Each structure stands twice: as structure tokens, then as C-alpha cells.
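Q: Structure file my_file.pdb (PDB, C-alpha atoms) is given on the next line.
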ATOM      1  CA  GLN S   1      53.627  35.767  47.297
ATOM      2  CA  ARG S   2      52.969  38.523  44.753
ATOM      3  CA  TRP S   3      53.988  41.368  47.028
ATOM      4  CA  GLN S   4      57.062  39.404  48.108
ATOM      5  CA  HIS S   5      57.952  39.080  44.431
ATOM      6  CA  PHE S   6      57.391  42.806  43.879
ATOM      7  CA  VAL S   7      59.636  43.844  46.792
ATOM      8  CA  LEU S   8      62.257  41.330  45.694
ATOM      9  CA  ALA S   9      62.214  42.661  42.120
ATOM     10  CA  ALA S  10      62.324  46.318  43.201
ATOM     11  CA  SER S  11      65.217  45.786  45.612
ATOM     12  CA  PHE S  12      67.103  43.698  43.032
ATOM     13  CA  ILE S  13      66.823  46.395  40.370
ATOM     14  CA  ALA S  14      67.950  49.067  42.846
ATOM     15  CA  LEU S  15      70.867  46.915  43.971
ATOM     16  CA  ALA S  16      71.991  46.153  40.422
ATOM     17  CA  TRP S  17      71.815  49.779  39.287
ATOM     18  CA  THR S  18      73.499  51.296  42.333
ATOM     19  CA  GLY S  19      76.002  48.451  42.606
ATOM     20  CA  PHE S  20      77.326  48.891  39.088
ATOM     21  CA  ALA S  21      77.289  52.669  39.628
ATOM     22  CA  LEU S  22      79.610  52.187  42.601
ATOM     23  CA  LYS S  23      81.832  49.730  40.729
ATOM     24  CA  PHE S  24      82.077  51.910  37.606
ATOM     25  CA  PRO S  25      81.876  55.551  38.798
ATOM     26  CA  ASP S  26      82.548  56.976  35.316
ATOM     27  CA  SER S  27      79.794  55.007  33.576
ATOM     28  CA  PHE S  28      76.420  56.308  32.431
ATOM     29  CA  VAL S  29      74.854  54.187  35.191
ATOM     30  CA  ALA S  30      76.715  56.223  37.820
ATOM     31  CA  HIS S  31      75.972  59.524  36.070
ATOM     32  CA  SER S  32      72.255  58.691  36.054
ATOM     33  CA  LEU S  33      72.326  58.793  39.873
ATOM     34  CA  GLY S  34      74.156  62.104  40.076
ATOM     35  CA  SER S  35      77.643  62.912  41.285
ATOM     36  CA  TYR S  36      76.984  62.423  45.005
ATOM     37  CA  GLU S  37      78.546  59.059  45.796
ATOM     38  CA  PRO S  38      77.160  58.770  49.360
ATOM     39  CA  PHE S  39      73.682  58.767  47.786
ATOM     40  CA  ARG S  40      74.604  55.778  45.604
ATOM     41  CA  ARG S  41      76.275  54.020  48.535
ATOM     42  CA  TRP S  42      73.387  54.433  50.967
ATOM     43  CA  THR S  43      70.758  53.637  48.341
ATOM     44  CA  HIS S  44      72.636  50.404  47.691
ATOM     45  CA  ARG S  45      72.789  49.592  51.392
ATOM     46  CA  ILE S  46      69.123  50.354  52.001
ATOM     47  CA  ALA S  47      68.113  48.195  49.022
ATOM     48  CA  GLY S  48      70.322  45.430  50.416
ATOM     49  CA  VAL S  49      68.619  45.620  53.792
ATOM     50  CA  VAL S  50      65.213  45.469  52.079
ATOM     51  CA  LEU S  51      66.327  42.360  50.147
ATOM     52  CA  LEU S  52      67.473  40.661  53.347
ATOM     53  CA  LEU S  53      64.243  41.604  55.143
ATOM     54  CA  VAL S  54      62.018  40.178  52.402
ATOM     55  CA  GLY S  55      64.231  37.091  52.400
ATOM     56  CA  ALA S  56      63.770  36.724  56.157
ATOM     57  CA  TYR S  57      60.021  37.243  55.772
ATOM     58  CA  HIS S  58      59.885  34.578  53.070
ATOM     59  CA  LEU S  59      61.759  32.175  55.326
ATOM     60  CA  GLY S  60      59.116  32.735  57.988
ATOM     61  CA  TYR S  61      56.375  32.420  55.383
ATOM     62  CA  VAL S  62      57.546  29.011  54.156
ATOM     63  CA  THR S  63      57.996  27.853  57.746
ATOM     64  CA  VAL S  64      54.760  29.008  59.350
ATOM     65  CA  SER S  65      52.051  29.258  56.702
ATOM     66  CA  ARG S  66      50.335  26.266  55.116
ATOM     67  CA  GLU S  67      50.685  27.662  51.591
ATOM     68  CA  GLY S  68      54.341  28.461  52.234
ATOM     69  CA  ARG S  69      55.104  24.916  53.354
ATOM     70  CA  ARG S  70      53.305  23.602  50.286
ATOM     71  CA  LEU S  71      55.360  25.944  48.111
ATOM     72  CA  VAL S  72      58.641  24.547  49.447
ATOM     73  CA  LYS S  73      57.363  20.993  49.117
ATOM     74  CA  ASP S  74      56.426  21.577  45.473
ATOM     75  CA  MET S  75      59.763  23.307  44.832
ATOM     76  CA  MET S  76      61.855  20.422  46.121
ATOM     77  CA  PRO S  77      64.028  18.880  43.363
ATOM     78  CA  ARG S  78      63.119  15.343  42.373
ATOM     79  CA  LEU S  79      64.609  12.692  40.117
ATOM     80  CA  LYS S  80      61.869  13.472  37.590
ATOM     81  CA  ASP S  81      63.299  16.987  37.216
ATOM     82  CA  ALA S  82      66.647  15.599  36.056
ATOM     83  CA  ARG S  83      64.888  13.296  33.588
ATOM     84  CA  ASP S  84      62.739  16.192  32.352
ATOM     85  CA  ALA S  85      65.789  18.432  31.860
ATOM     86  CA  ALA S  86      67.667  15.721  29.947
ATOM     87  CA  GLY S  87      64.635  14.906  27.829
ATOM     88  CA  ASN S  88      63.981  18.557  27.041
ATOM     89  CA  ALA S  89      67.632  19.061  26.074
ATOM     90  CA  ARG S  90      67.416  16.131  23.647
ATOM     91  CA  ARG S  91      64.169  17.452  22.187
ATOM     92  CA  LEU S  92      65.469  20.992  21.726
ATOM     93  CA  ALA S  93      68.656  19.643  20.147
ATOM     94  CA  GLY S  94      66.539  17.856  17.560
ATOM     95  CA  LEU S  95      67.369  14.371  18.814
ATOM     96  CA  GLY S  96      63.768  13.300  19.266
ATOM     97  CA  GLY S  97      61.518  12.891  22.252
ATOM     98  CA  VAL S  98      58.418  14.702  23.450
ATOM     99  CA  LYS S  99      57.892  17.723  25.650
ATOM    100  CA  PRO S 100      58.061  16.753  29.345
ATOM    101  CA  LYS S 101      54.925  17.101  31.432
ATOM    102  CA  PHE S 102      55.344  19.285  34.497
ATOM    103  CA  GLY S 103      53.431  19.560  37.727
ATOM    104  CA  ARG S 104      52.950  22.814  39.598
ATOM    105  CA  PHE S 105      56.608  23.718  38.993
ATOM    106  CA  GLY S 106      59.006  22.444  36.374
ATOM    107  CA  TYR S 107      62.751  22.032  36.708
ATOM    108  CA  ALA S 108      63.426  25.532  35.309
ATOM    109  CA  GLU S 109      61.221  27.211  37.927
ATOM    110  CA  LYS S 110      62.787  25.168  40.700
ATOM    111  CA  MET S 111      66.279  26.106  39.541
ATOM    112  CA  GLU S 112      65.332  29.783  39.548
ATOM    113  CA  TYR S 113      63.753  29.610  42.998
ATOM    114  CA  TRP S 114      66.726  27.942  44.671
ATOM    115  CA  ALA S 115      69.174  30.134  42.749
ATOM    116  CA  VAL S 116      67.459  33.209  44.211
ATOM    117  CA  ALA S 117      67.568  31.707  47.708
ATOM    118  CA  TRP S 118      71.241  30.767  47.443
ATOM    119  CA  GLY S 119      72.137  34.039  45.739
ATOM    120  CA  THR S 120      70.444  36.079  48.457
ATOM    121  CA  VAL S 121      72.525  34.313  51.111
ATOM    122  CA  ILE S 122      75.770  34.825  49.187
ATOM    123  CA  MET S 123      75.086  38.483  48.380
ATOM    124  CA  GLY S 124      73.871  39.152  51.909
ATOM    125  CA  VAL S 125      76.909  37.646  53.626
ATOM    126  CA  THR S 126      79.469  39.207  51.280
ATOM    127  CA  GLY S 127      77.665  42.540  51.206
ATOM    128  CA  LEU S 128      77.606  42.801  54.985
ATOM    129  CA  ALA S 129      81.279  41.839  55.106
ATOM    130  CA  ILE S 130      82.092  44.704  52.720
ATOM    131  CA  TRP S 131      79.849  47.163  54.573
ATOM    132  CA  PHE S 132      81.256  46.312  58.018
ATOM    133  CA  GLN S 133      84.790  45.533  56.923
ATOM    134  CA  ILE S 134      86.427  47.166  59.967
ATOM    135  CA  PRO S 135      84.667  44.908  62.508
ATOM    136  CA  VAL S 136      85.097  41.926  60.152
ATOM    137  CA  THR S 137      88.873  42.368  59.971
ATOM    138  CA  GLN S 138      89.057  42.215  63.752
ATOM    139  CA  PHE S 139      88.176  38.532  63.474
ATOM    140  CA  LEU S 140      89.260  37.636  59.923
ATOM    141  CA  PRO S 141      92.319  38.512  57.820
ATOM    142  CA  ARG S 142      92.116  41.488  55.464
ATOM    143  CA  TRP S 143      92.107  39.256  52.424
ATOM    144  CA  ALA S 144      88.719  37.854  53.512
ATOM    145  CA  VAL S 145      87.144  41.202  52.629
ATOM    146  CA  ASP S 146      88.903  41.154  49.250
ATOM    147  CA  VAL S 147      87.510  37.684  48.586
ATOM    148  CA  ALA S 148      84.032  38.828  49.647
ATOM    149  CA  THR S 149      84.283  41.815  47.275
ATOM    150  CA  THR S 150      85.243  39.582  44.349
ATOM    151  CA  ILE S 151      82.458  37.082  45.062
ATOM    152  CA  HIS S 152      79.942  39.915  45.483
ATOM    153  CA  PHE S 153      80.843  41.431  42.111
ATOM    154  CA  TYR S 154      80.784  38.246  40.044
ATOM    155  CA  GLU S 155      77.657  36.931  41.740
ATOM    156  CA  ALA S 156      75.983  40.247  40.835
ATOM    157  CA  ILE S 157      76.953  39.764  37.179
ATOM    158  CA  LEU S 158      75.678  36.172  37.250
ATOM    159  CA  ALA S 159      72.385  37.230  38.856
ATOM    160  CA  CYS S 160      71.802  40.017  36.321
ATOM    161  CA  LEU S 161      72.534  37.688  33.413
ATOM    162  CA  ALA S 162      70.158  35.070  34.826
ATOM    163  CA  ILE S 163      67.392  37.670  35.059
ATOM    164  CA  LEU S 164      68.006  39.234  31.648
ATOM    165  CA  VAL S 165      68.649  36.050  29.661
ATOM    166  CA  TRP S 166      66.510  33.450  31.451
ATOM    167  CA  HIS S 167      63.823  34.912  33.677
ATOM    168  CA  LEU S 168      62.674  37.757  31.430
ATOM    169  CA  TYR S 169      62.361  35.366  28.505
ATOM    170  CA  HIS S 170      60.128  32.985  30.443
ATOM    171  CA  VAL S 171      57.846  35.691  31.874
ATOM    172  CA  ILE S 172      57.824  38.246  29.027
ATOM    173  CA  PHE S 173      59.379  37.243  25.702
ATOM    174  CA  ASP S 174      58.199  33.633  25.535
ATOM    175  CA  PRO S 175      55.557  33.675  22.738
ATOM    176  CA  ASP S 176      53.187  31.694  24.963
ATOM    177  CA  VAL S 177      53.009  34.510  27.556
ATOM    178  CA  TYR S 178      54.044  37.648  25.635
ATOM    179  CA  PRO S 179      53.783  40.515  26.524
ATOM    180  CA  LEU S 180      53.637  39.363  30.166
ATOM    181  CA  ASN S 181      52.805  36.380  32.319
ATOM    182  CA  ARG S 182      50.000  38.016  34.285
ATOM    183  CA  ALA S 183      50.439  35.677  37.234
ATOM    184  CA  VAL S 184      52.841  38.287  38.582
ATOM    185  CA  LEU S 185      49.921  40.751  38.769
ATOM    186  CA  ASP S 186      46.925  38.729  39.908
ATOM    187  CA  GLY S 187      48.283  35.255  40.688
ATOM    188  CA  ARG S 188      46.241  33.645  37.911
ATOM    189  CA  VAL S 189      46.868  32.049  34.543
ATOM    190  CA  SER S 190      44.510  30.798  31.871
ATOM    191  CA  ARG S 191      43.394  27.205  32.005
ATOM    192  CA  GLU S 192      44.678  26.685  28.450
ATOM    193  CA  TRP S 193      48.195  27.821  29.391
ATOM    194  CA  LEU S 194      48.180  25.659  32.502
ATOM    195  CA  GLU S 195      47.066  22.593  30.542
ATOM    196  CA  GLU S 196      49.859  23.174  28.025
ATOM    197  CA  GLU S 197      52.729  24.053  30.385
ATOM    198  CA  HIS S 198      51.798  22.240  33.631
ATOM    199  CA  PRO S 199      49.429  19.401  32.726
ATOM    200  CA  LEU S 200      50.257  17.471  35.923
ATOM    201  CA  ASP S 201      49.324  20.379  38.213
ATOM    202  CA  PRO S 202      46.694  19.084  40.683
ATOM    203  CA  ALA S 203      44.842  22.402  40.309
ATOM    204  CA  LEU S 204      43.631  21.224  36.894
ATOM    205  CA  ALA S 205      41.661  18.419  38.488
ATOM    206  CA  GLY S 206      40.536  20.522  41.430
ATOM    207  CA  ALA S 207      42.445  18.252  43.804
ATOM    208  CA  GLU S 208      44.684  19.180  46.688
ATOM    209  CA  PRO S 209      48.352  18.361  45.966
ATOM    210  CA  GLU S 210      48.391  15.859  48.807
ATOM    211  CA  ALA S 211      45.434  13.999  47.339
ATOM    212  CA  ALA S 212      46.975  13.965  43.878
ATOM    213  CA  ALA S 213      50.232  12.646  45.281
ATOM    214  CA  ARG S 214      48.336   9.747  46.873
ATOM    215  CA  GLY S 215      46.644   9.030  43.547
ATOM    216  CA  ALA S 216      43.191   9.755  44.957
ATOM    217  CA  ALA S 217      40.386  10.245  42.506
ATOM    218  CA  ALA S 218      39.680  13.911  41.860
ATOM    219  CA  PRO S 219      36.524  15.564  40.510
ATOM    220  CA  LYS S 220      36.540  16.708  36.914
ATOM    221  CA  ALA S 221      37.555  20.299  36.295
ATOM    222  CA  PRO S 222      34.618  22.580  35.413
ATOM    223  CA  ALA S 223      34.240  23.750  31.844
ATOM    224  CA  HIS S 224      35.106  27.367  31.139
ATOM    225  CA  ASN S 225      34.050  27.754  27.491
ATOM    226  CA  GLY S 226      37.412  29.151  26.487
ATOM    227  CA  GLU S 227      37.391  31.883  29.151
ATOM    228  CA  ASP S 228      40.123  32.495  31.684
ATOM    229  CA  ALA S 229      39.849  29.726  34.207
ATOM    230  CA  GLY S 230      41.451  31.900  36.842
ATOM    231  CA  THR S 231      43.574  29.025  38.112
ATOM    232  CA  LYS S 232      45.869  30.136  40.894
ATOM    233  CA  HIS S 233      49.505  29.579  40.121
ATOM    234  CA  ALA S 234      52.393  30.783  42.261
ATOM    235  CA  GLN S 235      54.823  33.158  40.589
ATOM    236  CA  LEU S 236      57.618  33.987  43.008
TER     237      LEU S 236
END
Could you render the structure from this file as C-alpha cells?
A:
Amino acid sequence: QRWQHFVLAASFIALAWTGFALKFPDSFVAHSLGSYEPFRRWTHRIAGVVLLLVGAYHLGYVTVSREGRRLVKDMMPRLKDARDAAGNARRLAGLGGVKPKFGRFGYAEKMEYWAVAWGTVIMGVTGLAIWFQIPVTQFLPRWAVDVATTIHFYEAILACLAILVWHLYHVIFDPDVYPLNRAVLDGRVSREWLEEEHPLDPALAGAEPEAAARGAAAPKAPAHNGEDAGTKHAQL
């Protein structure tokens, strides 16, 4: 999962930089890549292919592997997520209430995960339509490419804003994890952080998620004397 995240992040950054360089050829972003536009264009296309390949690999991963299937199961939206989001909104607005208790993933992480999945499909389809616009217009009207171009551009802006405003705060600037949530590097978080942010995570009790879902009794978690518990926690 960590290397998938790394390839995803690298391809996203390359796509954002080269994409805005192509859209705004007189900007400093374009000038940073030199004056040779074919370089920007092909770098953008190669990064797009890499994004689609890692997306296809992830689809296979969540279909075939046991951990992948568990990941999707834990990422599935539930009614509790809606209640948690509403309760958190009331609490942050100063209207009372307590902080919701999350399992392995909270509603914010689930929203991010499915937004990436949906965004990859949208950007992939529209990007390929723009790249292969001559073959596309043999089957669809010319305006379909114009629509794809518009969707591609505004989805890119939305994705960049989501990363800059939401994701980077949660994994870097949040005081609880600053300067970095190290799960992205080694797949582990401290036991203290996990108890605070995801108290319902079955990993705290040493139980398999299936057992916790059935309400089976789980052994007590071992003491760690304040040291890093090394609890595995997915960060995709």
C-alpha cells in the first residue's frame, strides 16, 4: 500500500505541474519546464499512464489479496459515518457534543479514498478523450471533446485543492501528526495516536476485524511503556 501511495503521489504531482503548464503556457509553472512544449505534453501523458496503471494495479490488489479486500470492506461507507460527520460538525461549530469514535477509518478518510478512485476514473476517461481526440470524434460529436476538456480542467483544480487544503492538513499540518504522519513511510503509527484518533480500531485489542465485528472477546493489548506500539495502519 505504501509504494502504491508513493507512485500515486508522484504521478499526481507530475500531472498537476505539467497540466497547468500546458493550460497556462506563459506562467512560471510552464517556464520551470523549459520552452519545449512537446516535453511538457509527453511528460503529462506518461504521468497519466502511470496513474492509470497504479489504479489498475490497486483494483487488482483489492480484488485478489486478502488485505486488499479487507481494505475495501473497511472503507465502505456506513450509516455511522453520516452520524459521525454530523456530530463532528456540531462539535466544531460549538453546538456541543463529543468527538466521534472511529474504527480503522473515519468518514474523512473514506471520503478521500473514494474521491481518489472516482477522480482517477474521471481524469482517465477525459484525459484519454483529449489525447485521442481524432479517433474519439469518429464516434462522438466534436463537442464531446470540448466537454471532456472542461471537465478535465475543473476536476484537476478540485483535486489540487482537496490535496492542498484537506489532505496535507491531515497528514502534515495537523498538530497531532506534525511534521508528518509517518504511516506513509513505514506503515505504523504510535499506540497513543491510534487510541486517540481510532479508538474502535480492532488492532488496539489485537483482534482481527472480522472477530471484532462479531463482538468476539479479544485479548488485551500488550503494554508498551509509552514507546511506539508499531501498530500497522493503512495510509493510502
Q: Under the PyMOL selection byres ((chain S and resi 105-117) around 7), which residues of this model are included? Write them out as a compact mmCIF listing (two decimals) with C-alpha atoms, in the coordinates of the input.
A:
# COMPACT_ATOMS: atom_id res chain seq x y z
CA ASP S 74 56.43 21.58 45.47
CA MET S 75 59.76 23.31 44.83
CA PRO S 77 64.03 18.88 43.36
CA ASP S 81 63.30 16.99 37.22
CA ALA S 85 65.79 18.43 31.86
CA PHE S 102 55.34 19.28 34.50
CA GLY S 103 53.43 19.56 37.73
CA ARG S 104 52.95 22.81 39.60
CA TRP S 118 71.24 30.77 47.44
CA GLY S 119 72.14 34.04 45.74
CA THR S 120 70.44 36.08 48.46
CA VAL S 121 72.53 34.31 51.11
Q: Excluding Gly97 of chain S and residues on its chain fewer than 2 positions from it, collect all residues at most 12 Å away from it, counting all atoms listed in the file, and give them as a PyMOL selection string.
A: chain S and resi 83-95+99-100
Q: So what does the PyMOL selection byres ((chain S and resi 171) around 6) actually pick up in this one, as a list in words?
A: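 Applying the PyMOL selection byres ((chain S and resi 171) around 6) to the structure shown produces Leu168, Tyr169, His170, Ile172, Leu180 and Asn181 of chain S.
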Q: Please, could you write that set of residues out with C-alpha atoms as a CSV table (one decimal), keeping the file's coordinate frame?
A:
chain,number,residue,atom,x,y,z
S,168,LEU,CA,62.7,37.8,31.4
S,169,TYR,CA,62.4,35.4,28.5
S,170,HIS,CA,60.1,33.0,30.4
S,172,ILE,CA,57.8,38.2,29.0
S,180,LEU,CA,53.6,39.4,30.2
S,181,ASN,CA,52.8,36.4,32.3
Q: If you measure from atom CA of Ala16 of chain S to atom CA of Gln1 of chain S, what distance in Å do you get, rounded to one decimal?
A: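 Taking atom CA of Ala16 of chain S and atom CA of Gln1 of chain S, their separation equals 22.2 Å.
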Q: Select, counting all atoms listed in the file, all protein, DNA and RNA residues no farther than 8 Å from (48.7, 42.6, 41.5) in file coordinates, and express the selection as an MDAnalysis selection string.
A: chainID S and resid 2:3 184:187
Q: For atom CA of Val49 of chain S and atom CA of Phe24 of chain S, determine how far apart the two atoms are, in Å to one decimal place.
A: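 Going from atom CA of Val49 of chain S over to atom CA of Phe24 of chain S, I get 22.0 Å.
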Q: Using all atoms listed in the file, can you list as a PyMOL selection string the residues within 12 Å of (57.4, 20.7, 49.9)?
A: chain S and resi 62-63+66-78+104-105+110+209-210+213
Q: How many Å separate atom CA of Leu59 of chain S from atom CA of Gln4 of chain S?
A: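 If I compute the distance from atom CA of Leu59 of chain S to atom CA of Gln4 of chain S, I get 11.2 Å.
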Q: Where does the PyMOL selection byres ((chain S and resi 21) around 10) land in this file, that is, which residues does it pick, as a PyMOL selection string?
A: chain S and resi 15-20+22-34+37+40-41+44
Q: Counting all atoms listed in the file, which residue out of S:Gly124, S:Val7, S:Asp146, S:Ala205 sits closest to Tyr57 of chain S?
A: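 Counting all atoms listed in the file, the residue closest to Tyr57 of chain S is S:Val7.
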Q: Have a look at S:Leu204, S:Ile130, S:Val98, S:Leu161 and name the one nearest to Trp143 of chain S; count all atoms listed in the file.
A: S:Ile130
Q: Between S:Ile13, S:Val64, S:Leu140, S:Ala183, which has the minimum distance to Val50 of chain S (counting only C-alpha atoms)?
A: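 Going through S:Ile13, S:Val64, S:Leu140, S:Ala183 one by one, the smallest distance to Val50 of chain S is for S:Ile13.
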Q: Here is a test: counting all atoms listed in the file, which residue of S:Thr150, S:Ala144, S:Lys101, S:Ala10 is nearest to Pro199 of chain S?
A: S:Lys101
